[in-house]
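This report refers to the structure that appears directly beneath it.
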Amino acid sequence: MTSTGTPVVRRVRIPADGAHFASAFALPLAGLPHRTAEEWARSTFEDTPALLRELLRTGWSGVLGLRLGPRSSARHVIGWRTVECGPELIALEARAPSLTVRNVVTVDGTRLLWATYATFARRGGRARWSLAAPVHHLVVPLLLGRAVRRTA
């Protein structure tokens with residue numbers, strides 16, 4: 001917890017589970033209202049200012065080449081297709097010709113785990129992800145922290 005009582009988002013190690021790249025961030029949930037994994041994912045990505053949402057989508061589609069779905073679809077979260085969903089887990093996926101990226105949000109009662117997996121289909125996928133990864137490691141904790149502040 002920070003001095004303001006806000007839980008701290010920490011980067012944690014996870015197995016790659018067959019992906020070429022994996023990273024994860026953990027957020028302790030003590031003292032926060034109960035939310036499903038989907039509610040956390042939507043709050044993290046969608047409950048942001050319009051300009052930030054557009055910057056996110058532009059990076060995903062412009063830099064990574066990800067094909068995003070409709071923003072307003074219940075089967076998508078800010079364009080990411082929901083490939084698995086339950087109260088404790090949501091998996092969001094977006095594909096490009098050179099890579100597939102999956103965000104998996106898991107809520108186990110004590111913590112939220114936001115894991116991102118990238119699988120490269122071509123050499124260009126690795127190159128694109130190498131440009132995006134440093135931004136990803138800055139943005140995901142910021143977005144999660146913002147979601148916590150709006151929830152608490």
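In the structure tokens, each chain is lettered A, B, ... as it comes, each chain's residues begin at 1, and ligands are numbered from 1 in order of appearance.
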Report as a PyMOL selection string all protein, DNA and RNA residues lying within 12 Å of A:Gly31, evaluated on only C-alpha atoms, omitting residues in the same chain fewer than 3 positions from it.
chain A and resi 1+5-7+27-28+34-35+109-111+148-149+151-152
Since we have the selection now, will you write its residues out, keeping C-alpha atoms, as a JSON list (two decimals), in the first residue's frame?
[["chain", "number", "residue", "atom", "x", "y", "z"],
["A", 1, "MET", "CA", 0.00, 0.00, 0.00],
["A", 5, "GLY", "CA", -3.78, 3.60, 1.29],
["A", 6, "THR", "CA", -3.90, 2.68, -2.40],
["A", 7, "PRO", "CA", -2.67, -0.86, -3.15],
["A", 27, "LEU", "CA", -2.71, -6.00, -7.44],
["A", 28, "PRO", "CA", -3.71, -6.86, -3.85],
["A", 34, "HIS", "CA", -15.60, -7.18, -4.92],
["A", 35, "ARG", "CA", -15.49, -7.04, -8.71],
["A", 109, "GLY", "CA", -10.24, -13.06, -3.85],
["A", 110, "THR", "CA", -6.92, -11.77, -2.50],
["A", 111, "ARG", "CA", -5.36, -10.36, -5.64],
["A", 148, "VAL", "CA", -8.27, 1.15, -8.20],
["A", 149, "ARG", "CA", -8.59, 4.85, -7.39],
["A", 151, "THR", "CA", -13.11, 1.85, -7.36],
["A", 152, "ALA", "CA", -11.91, 2.64, -3.83]]
Which polymer residues have any atom within 6 Å of an atom of stretch 9-21 of chain A, counting only C-alpha atoms, with same-chain residues fewer than 3 positions away left out, as a list in words?
Ala24, Phe25, Ala26, Leu27, Tyr117, Ala118, Thr119 and Pro141 of chain A
Write the residues you've just listed into a file as a short mmCIF file (atom, residue, chain, number, x, y, z; two decimals), in the first residue's frame, and include C-alpha atoms for each of them.
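Full text of again.cif as output:
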data_model
loop_
_atom_site.label_atom_id
_atom_site.label_comp_id
_atom_site.auth_asym_id
_atom_site.auth_seq_id
_atom_site.Cartn_x
_atom_site.Cartn_y
_atom_site.Cartn_z
CA ALA A 24 2.18 -9.91 -15.39
CA PHE A 25 1.17 -7.39 -12.77
CA ALA A 26 -0.39 -8.22 -9.42
CA LEU A 27 -2.71 -6.00 -7.44
CA TYR A 117 1.10 -13.11 -23.51
CA ALA A 118 2.45 -12.42 -27.00
CA THR A 119 2.99 -15.11 -29.60
CA PRO A 141 0.24 -0.51 -13.94
#
Exercise: stretch 57-64 of chain A partners within 9 Å, only C-alpha atoms, chain neighbours under 6 positions left out, as JSON, numbers by chain:
{"A": [78, 79, 94, 96, 98, 99, 125, 128, 129, 131, 132]}
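Between atom CA of A:Ile90 and atom CA of A:Thr116 lies a distance of 11.9 Å.
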As a ChimeraX atom specification, please: all residues of stretch 85-134 of chain A that backbone DSSP puts in strand (DSSP E or B).
/A:85,89-95,99-107,111-120
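The space separating atom CA of A:Ala37 from atom CA of A:Leu55 comes to 23.3 Å.
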Going by DSSP on the backbone, which bits of stretch 23-144 of chain A are helix (DSSP H, G or I)? Write them as a PyMOL selection string, please.
chain A and resi 37-46+50-63+123-144
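For the choices A:Ala127, A:Leu66, A:Val101, A:Ala41, the atom-to-atom distance to A:Leu89 is smallest for A:Ala41 when using only C-alpha atoms.
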What does the distance from atom CA of A:Val139 to atom CA of A:Glu88 come to in Å, to one decimal?
22.8 Å
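Distances from A:Val105, A:Leu32, A:Leu143, A:Ala22 to A:Pro49 were compared using only C-alpha atoms, and the smallest one belongs to A:Leu143.
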